[in-house]
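Enquirer: Data: upload.txt, compact mmCIF, C-alpha atoms.
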```
# COMPACT_ATOMS: atom_id res chain seq x y z
CA MET A 1 85.72 144.18 61.98
CA ALA A 2 83.97 141.22 63.55
CA PRO A 3 83.38 141.47 67.29
CA SER A 4 85.79 139.50 69.43
CA PHE A 5 85.05 137.38 72.46
CA ALA A 6 86.99 138.11 75.60
CA ARG A 7 85.80 135.05 77.43
CA SER A 8 86.04 131.35 76.73
CA ILE A 9 83.51 128.62 77.43
CA SER A 10 84.31 125.94 79.97
CA PHE A 11 82.78 122.47 80.14
CA PRO A 12 83.31 121.06 83.65
CA LEU A 13 82.07 117.62 82.66
CA SER A 14 83.85 117.34 79.33
CA PRO A 15 86.93 115.13 78.92
CA SER A 16 90.39 116.54 78.25
CA ARG A 17 91.22 117.54 74.74
CA SER A 18 92.95 114.53 73.28
CA SER A 19 94.77 115.90 70.24
CA SER A 20 95.44 118.99 68.20
CA SER A 21 93.79 117.40 65.17
CA LYS A 22 90.23 118.00 66.45
CA PRO A 23 90.05 121.69 65.43
CA ALA A 24 91.23 120.71 61.95
CA ARG A 25 88.54 118.04 61.66
CA MET A 26 85.87 120.51 62.73
CA ALA A 27 86.92 123.09 60.15
CA SER A 28 85.11 121.17 57.42
CA ALA A 29 81.77 121.37 59.27
CA TYR A 30 81.34 125.08 58.52
CA HIS A 31 83.49 126.25 55.62
CA ALA A 32 82.54 129.88 56.17
CA ARG A 33 83.54 129.90 59.86
CA SER A 34 86.08 132.55 60.75
CA VAL A 35 89.30 131.21 62.23
CA SER A 36 90.41 134.65 63.35
CA LEU A 37 88.02 134.95 66.26
CA PRO A 38 89.74 134.39 69.63
CA CYS A 39 86.79 132.30 70.91
CA ARG A 40 87.95 128.66 71.01
CA SER A 41 84.63 127.20 72.05
CA HIS A 42 83.99 125.35 68.79
CA PRO A 43 86.63 122.61 69.26
CA ILE A 44 85.47 122.11 72.86
CA LEU A 45 81.85 121.84 71.76
CA ALA A 46 82.73 119.36 69.04
CA HIS A 47 84.72 117.30 71.54
CA LEU A 48 81.79 117.37 73.96
CA HIS A 49 79.46 116.35 71.14
CA THR A 50 81.59 113.27 70.53
CA HIS A 51 81.73 112.55 74.25
CA ILE A 52 77.96 112.81 74.65
CA ARG A 53 77.31 110.41 71.78
CA ALA A 54 79.86 107.89 73.02
CA ASP A 55 78.63 108.17 76.58
CA ALA A 56 74.98 107.74 75.63
CA ALA A 57 75.79 104.82 73.33
CA ALA A 58 77.46 103.12 76.28
CA ALA A 59 74.08 103.25 78.07
CA SER A 60 75.29 105.73 80.68
CA ALA A 61 72.06 107.64 80.33
CA ALA A 62 72.22 109.62 83.59
CA GLN A 63 75.78 110.78 82.87
CA GLY A 64 74.77 111.70 79.33
CA LEU A 65 72.03 113.93 80.72
CA ALA A 66 74.56 115.62 83.00
CA HIS A 67 76.81 116.40 80.03
CA VAL A 68 73.92 117.85 78.04
CA ASP A 69 73.02 120.03 81.03
CA ALA A 70 76.65 121.22 81.24
CA LEU A 71 76.64 121.98 77.51
CA HIS A 72 73.60 124.23 77.84
CA ALA A 73 74.99 125.94 80.92
CA ALA A 74 78.01 126.86 78.76
CA LEU A 75 75.72 128.02 75.95
CA GLY A 76 73.97 130.23 78.47
CA ASP A 77 77.34 131.83 79.27
CA LEU A 78 77.93 132.41 75.56
CA LEU A 79 74.51 133.98 75.02
CA ASP A 80 75.07 136.32 77.97
CA LEU A 81 77.96 137.96 76.13
CA PRO A 82 77.04 141.25 74.42
CA GLU A 83 79.35 140.30 71.53
CA ALA A 84 77.42 137.06 70.92
CA GLN A 85 74.09 138.86 71.15
CA ALA A 86 75.27 141.45 68.65
CA ALA A 87 76.45 138.72 66.28
CA LEU A 88 73.07 136.99 66.35
CA SER A 89 70.91 140.10 66.26
CA ALA A 90 71.30 140.65 62.53
CA GLY A 91 71.49 136.99 61.59
CA ALA A 92 69.21 135.13 59.18
CA SER A 93 69.48 131.84 61.11
CA HIS A 94 67.80 133.08 64.29
CA ASP A 95 64.32 131.67 63.58
CA ARG A 96 65.70 128.26 62.61
CA LEU A 97 67.68 128.08 65.84
CA LEU A 98 64.65 129.09 67.89
CA ASP A 99 62.64 126.33 66.22
CA ALA A 100 65.37 123.75 66.82
CA PHE A 101 65.56 124.43 70.55
CA LEU A 102 61.76 124.53 70.81
CA ARG A 103 61.61 121.05 69.26
CA LEU A 104 64.22 119.79 71.71
CA ALA A 105 62.39 121.28 74.69
CA ASP A 106 59.13 119.73 73.48
CA ALA A 107 60.83 116.35 73.07
CA HIS A 108 62.21 116.42 76.61
CA GLY A 109 58.86 117.59 77.97
CA SER A 110 57.23 114.59 76.27
CA PHE A 111 60.02 112.36 77.58
CA GLN A 112 59.28 113.46 81.14
CA GLU A 113 55.60 112.62 80.63
CA ALA A 114 56.51 109.22 79.18
CA LEU A 115 58.78 108.53 82.17
CA VAL A 116 55.93 109.28 84.57
CA ASP A 117 53.60 106.94 82.67
CA LEU A 118 56.24 104.23 82.43
CA LYS A 119 57.09 104.47 86.12
CA ARG A 120 53.42 104.06 87.01
CA ASP A 121 53.05 101.06 84.68
CA VAL A 122 56.16 99.35 86.07
CA ALA A 123 54.99 99.84 89.65
CA GLU A 124 51.58 98.45 88.69
CA ALA A 125 53.14 95.42 86.99
CA LEU A 126 55.35 94.65 89.99
CA ALA A 127 52.39 94.96 92.35
CA ALA A 128 50.36 92.61 90.13
CA ILE A 129 53.11 89.99 90.17
CA ARG A 130 53.46 90.13 93.94
CA ARG A 131 49.70 89.78 94.35
CA HIS A 132 49.38 87.04 91.72
CA ASP A 133 46.90 89.14 89.71
CA GLY A 134 47.19 88.06 86.08
CA ALA A 135 44.55 90.42 84.66
CA ARG A 136 46.11 93.42 86.40
CA LEU A 137 49.55 92.42 85.12
CA ALA A 138 48.31 92.06 81.55
CA SER A 139 46.77 95.55 81.68
CA ALA A 140 49.95 97.09 83.11
CA LEU A 141 52.11 95.46 80.45
CA ARG A 142 49.86 96.72 77.64
CA SER A 143 50.13 100.24 79.01
CA GLN A 144 53.90 99.83 79.35
CA ARG A 145 54.20 98.81 75.71
CA ARG A 146 52.34 101.97 74.67
CA ALA A 147 54.78 104.08 76.69
CA GLY A 148 57.68 102.24 75.06
CA LYS A 149 56.33 103.03 71.59
CA GLU A 150 56.07 106.70 72.52
CA LEU A 151 59.72 106.67 73.63
CA ALA A 152 60.74 105.04 70.35
CA ARG A 153 58.84 107.74 68.44
CA LEU A 154 60.60 110.47 70.42
CA ALA A 155 63.95 108.82 69.72
CA ALA A 156 63.25 108.78 65.98
CA THR A 157 62.29 112.47 66.04
CA ALA A 158 65.42 113.40 67.99
CA LYS A 159 67.59 111.35 65.65
CA ASP A 160 66.22 113.31 62.70
CA GLY A 161 67.17 116.54 64.47
CA ALA A 162 70.69 115.25 65.06
CA ALA A 163 71.11 114.56 61.35
CA ARG A 164 70.40 118.10 60.18
CA PRO A 165 72.79 120.62 61.78
CA SER A 166 73.72 121.95 58.35
CA ARG A 167 70.09 122.88 57.70
CA LEU A 168 70.05 124.96 60.86
CA GLY A 169 73.07 126.86 59.64
CA LEU A 170 71.79 127.25 56.09
CA GLY A 171 72.81 130.63 54.75
CA LEU A 172 75.70 131.19 57.14
CA GLY A 173 78.50 132.97 55.39
CA LEU A 174 76.17 134.09 52.59
CA GLY A 175 74.36 137.37 52.03
CA GLY A 176 76.79 139.42 54.08
CA SER A 177 76.82 137.30 57.23
CA SER A 178 79.58 138.45 59.55
CA ALA A 179 82.34 136.15 60.73
CA ALA A 180 81.04 136.52 64.29
CA GLU A 181 77.54 135.47 63.23
CA VAL A 182 78.95 132.44 61.45
CA GLU A 183 80.87 131.51 64.59
CA VAL A 184 78.05 131.94 67.11
CA ALA A 185 75.19 130.59 64.99
CA GLY A 186 77.37 127.66 63.96
CA LEU A 187 78.05 126.85 67.62
CA LEU A 188 74.34 126.92 68.40
CA ALA A 189 73.50 124.70 65.42
CA GLU A 190 76.10 122.15 66.50
CA ALA A 191 74.87 122.33 70.10
CA ALA A 192 71.34 121.58 68.93
CA ALA A 193 72.59 118.62 66.90
CA ALA A 194 74.69 117.32 69.81
CA THR A 195 71.72 117.58 72.16
CA ALA A 196 69.46 115.83 69.67
CA SER A 197 71.98 113.01 69.25
CA ALA A 198 72.34 112.50 73.00
CA SER A 199 68.56 112.70 73.42
CA ALA A 200 67.96 110.05 70.77
CA ALA A 201 70.41 107.70 72.50
CA LEU A 202 68.77 108.36 75.87
CA PHE A 203 65.22 107.78 74.61
CA ASN A 204 66.32 104.61 72.82
CA THR A 205 68.00 103.29 75.98
CA VAL A 206 64.83 103.59 78.04
CA ALA A 207 62.67 102.26 75.18
CA ALA A 208 64.96 99.23 74.84
CA MET A 209 64.75 98.48 78.56
CA SER A 210 60.97 98.71 78.40
CA ALA A 211 60.91 96.41 75.37
CA SER A 212 63.14 93.93 77.21
CA ALA A 213 60.66 93.75 80.07
CA SER A 214 57.81 93.25 77.61
CA ALA A 215 59.75 90.50 75.85
CA ALA A 216 60.26 88.73 79.17
CA ALA A 217 56.49 88.73 79.66
CA CYS A 218 55.86 87.49 76.12
CA SER A 219 58.25 84.59 76.64
CA CYS A 220 55.59 83.00 78.81
CA LYS A 221 52.97 80.92 77.03
CA ARG A 222 50.29 83.29 78.34
CA THR A 223 50.25 86.15 80.84
CA ALA A 224 48.05 84.20 83.22
CA ALA A 225 50.79 81.59 83.49
CA LEU A 226 52.88 84.16 85.35
CA MET A 227 50.52 83.85 88.26
CA CYS A 228 50.93 80.10 88.65
CA LEU A 229 53.50 80.45 91.41
CA ILE A 230 50.86 79.16 93.75
CA LYS A 231 51.20 75.83 91.97
CA LYS A 232 54.99 75.96 92.40
CA VAL A 233 55.69 75.23 88.71
CA PRO A 234 59.50 75.73 88.45
CA GLU A 235 59.63 76.96 84.84
CA GLU A 236 56.86 79.49 85.30
CA GLU A 237 58.41 80.69 88.54
CA LYS A 238 61.70 81.21 86.73
CA GLU A 239 59.98 83.26 84.01
CA THR A 240 58.21 85.35 86.62
CA MET A 241 61.46 86.10 88.44
CA ALA A 242 63.11 87.10 85.16
CA LEU A 243 60.27 89.52 84.44
CA MET A 244 60.46 91.00 87.93
CA GLU A 245 64.20 91.50 87.54
CA ARG A 246 63.79 93.41 84.28
CA LEU A 247 60.97 95.51 85.68
CA GLU A 248 63.01 96.40 88.76
CA GLU A 249 65.98 97.37 86.57
CA LEU A 250 63.70 99.60 84.51
CA GLU A 251 62.24 101.15 87.67
CA GLU A 252 65.75 101.91 88.96
CA CYS A 253 66.74 103.44 85.61
CA ILE A 254 63.69 105.72 85.67
CA ASP A 255 64.50 106.84 89.21
CA ASP A 256 68.05 107.71 88.13
CA LEU A 257 66.86 109.72 85.13
CA GLU A 258 64.01 111.75 86.61
CA SER A 259 66.11 114.49 88.19
CA GLY A 260 68.56 114.78 85.28
CA SER A 261 65.73 114.87 82.76
CA ASP A 262 64.10 117.78 84.55
CA LYS A 263 67.41 119.70 84.60
CA VAL A 264 67.92 119.18 80.87
CA PHE A 265 64.36 120.29 80.10
CA ARG A 266 64.86 123.47 82.12
CA SER A 267 68.24 124.17 80.51
CA LEU A 268 66.72 123.80 77.04
CA VAL A 269 63.96 126.23 77.95
CA GLN A 270 66.56 128.67 79.29
CA THR A 271 68.60 128.44 76.10
CA ARG A 272 65.54 129.23 74.01
CA VAL A 273 64.56 132.10 76.33
CA ALA A 274 68.06 133.55 75.88
CA LEU A 275 67.64 133.36 72.10
CA LEU A 276 64.21 134.98 72.37
CA ASN A 277 65.73 137.79 74.41
CA VAL A 278 68.25 138.40 71.64
CA HIS A 279 65.39 138.46 69.13
CA THR A 280 63.39 140.87 71.32
CA ASN A 281 66.33 143.26 71.59
CA ILE A 282 66.46 143.54 67.81
CA PHE A 283 63.24 145.57 67.78
```
Represent the structure contained in this file as structure tokens.
Expert:
Amino acid sequence: MAPSFARSISFPLSPSRSSSSKPARMASAYHARSVSLPCRSHPILAHLHTHIRADAAAASAAQGLAHVDALHAALGDLLDLPEAQAALSAGASHDRLLDAFLRLADAHGSFQEALVDLKRDVAEALAAIRRHDGARLASALRSQRRAGKELARLAATAKDGAARPSRLGLGLGLGGSSAAEVEVAGLLAEAAAATASASAALFNTVAAMSASASAAACSCKRTAALMCLIKKVPEEEKETMALMERLEELEECIDDLESGSDKVFRSLVQTRVALLNVHTNIF
């Protein structure tokens, strides 16, 4: 008999369940998933996955980070259960799941580094504008564009991870996998995909804001023209103010994301540590 779960997972930041059709839609994601287990976390996770994607697509990046953090707090509760640990201990998908969460933690670690670089570049660009230093501004904008490209690369990597949850669960239901293993490993695979999807949207949001600031600078005939405020040229002054506005918006966005990004990074590390602990207990 497959182990049963005596405890359900709660998502304090997830929206209310909107209809009874969601569990039916999710049934096709993992054909081998047991429907007899009393754990009803899968429909909630799928609903949260949808919420995270919609929320991130609406450019509510900070709120999206909070939902991802809540998701991993709930996964931590799941992985604390002896029944879940027992289900995973004999599973063939354990290494793939470890690798998936390592990639996500690495991506968010790189994102934090990119945020630090971008914040420095934005502050440097704003200081250059205020001091009418064209050469300093040009250097800051070049560095900012490099940070933006790194964010776009991270977004592409995360998007690839979001597109392959089935690969993480490859083999579930085959070779004697228990119903409990199918349930728990399937949840973890979907959680990894949901996190990757939200991460891709987040990275793209910041990259797009950085690109917008760079585009505002490129709209000028030359970077040095930004510093012609001393001549009181109306058109150039207007372009400079537009650039400052975009840079200040980007700076505010970075400030809003720093704390949430650190929480998500730590929660990803904790999820992977919990999986490693399960792996360690096998031997």
Enquirer: Compare A:Ser261, A:Ser110, A:Asn204, A:Ser93 by their minimum atom-to-atom distance to Ala66 in chain A, counting all atoms listed in the file, and give me the closest one.
Expert: A:Ser261
Enquirer: Please, which residues are within 12 Å of (69.7, 119.0, 65.8) by the file's coordinates, counting all atoms listed in the file, and could they come as a PyMOL selection string?
Expert: chain A and resi 49+96-105+107+157-169+186-200
Enquirer: Which distance in Å separates CA of Leu257 in chain A and CA of Arg131 in chain A, to one decimal?
Expert: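 Computing the Euclidean distance for CA of Leu257 in chain A and CA of Arg131 in chain A yields 27.9 Å.
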Enquirer: When you count only C-alpha atoms, which of these residues is closest to Leu126 in chain A: A:Met244, A:Val206, A:Ala114, A:Ala73?
Expert: A:Met244
Enquirer: Quote the spacing between CA of Ala147 in chain A and CA of Asp255 in chain A in Å to one decimal place.
Expert: 16.1 Å
Enquirer: At what distance in Å, to one decimal, does CA of Phe265 in chain A lie from CA of Ser143 in chain A?
Expert: 24.6 Å
Enquirer: Quick one: everything within 8 Å of Ser267 in chain A, counting only C-alpha atoms, minus sequence neighbours fewer than 2 positions away in the same chain. Send it as a ChimeraX atom specification.
Expert: /A:69,72-73,263-265,269-271
Enquirer: Give me the residues within 12 Å of Met209 in chain A as a PyMOL selection string, counting all atoms listed in the file and dropping any in the same chain fewer than 3 places off.
Expert: chain A and resi 59+61+118+122+144-145+147-149+151-152+202-206+212-216+243+245-254
